[in-house]
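Visitor: Pasting a structure below so you can have a look.
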Amino acid sequence: MMGRMLAQPVLPLLPDGAEEIAPGAGLVTSPDGGGLVTVHGLATFAWDAGDEAGRRLAAVQLVRLRAASQVQVAAGFGVDPATVWRWDRALAGGGVAGLVPARPG
C-alpha cells in the first residue's frame, strides 16, 4: 500500500549563532575567518581561517545540492551572485584547484 507523504515544515536545526541561508541551511563564521555550513542539523562543510578555496567550495556545493539558491548563498557569504556562478564554473573547469585564489603579482 502506498502512503501519502505529509507536508511538514523543516525543523529549525541551526546551531547557536548560525545565520540562516535558506530553510534548513545555516552558516556559522568565526572571527578568525573559518566557518561551518550546516544542512538540516548536520555539519556539511567546514573550512579554516585562510582557506578561501574551502569557503568557495562550501558555497558552490550548497547551490549544487539545491540546499539554497545562488542568490541566497551569495547573500550568506557576502558576495555577488555572479561570483558564486564564477566559482561554480571554476570548480567545473579545474576542480578544487580552480577555486584557489590567484596570487597577486
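Residues are named by chain letter and number: chains run A, B, ... in the order of the C-alpha cells, numbers start at 1 in each chain, and ligands are numbered from 1 in the order shown.
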From a backbone DSSP assignment, name each residue in chain A labelled alpha helix (DSSP H), as a PyMOL selection string.

Guide: chain A and resi 52-64+70-77+81-94

Visitor: Quick one: residues within 6 Å of A:Val28, only C-alpha atoms, excluding same-chain residues fewer than 2 positions away - as a PyMOL selection string?

Guide: chain A and resi 18+35-36

Visitor: Using C-alpha atoms, can you export the residues from the last selection as an mmCIF file, in the first residue's frame?

Guide:
data_model
loop_
_atom_site.group_PDB
_atom_site.id
_atom_site.type_symbol
_atom_site.label_atom_id
_atom_site.label_comp_id
_atom_site.auth_asym_id
_atom_site.auth_seq_id
_atom_site.Cartn_x
_atom_site.Cartn_y
_atom_site.Cartn_z
ATOM 1 C CA ALA A 18 24.208 30.398 12.825
ATOM 2 C CA GLY A 35 33.381 28.691 9.002
ATOM 3 C CA LEU A 36 30.874 25.870 9.107
#

Visitor: Apply DSSP to the structure's backbone, then extract all residues of stretch 31-98 of chain A labelled strand (DSSP E) and return them as a list in words.

Guide: Gly35, Leu36, Val37, Thr38, Val39, Leu42, Ala43, Thr44, Phe45, Ala46 and Trp47 of chain A

Visitor: My list of candidates is A:Leu99, A:Arg66, A:Val39, A:Ala59. Which is closest to A:Val84 when distances are computed with only C-alpha atoms?

Guide: A:Ala59

Visitor: Nearest to A:Ala25: which of A:Ala49, A:Arg64, A:Arg56, A:Gln72 is it, counting only C-alpha atoms?

Guide: A:Gln72
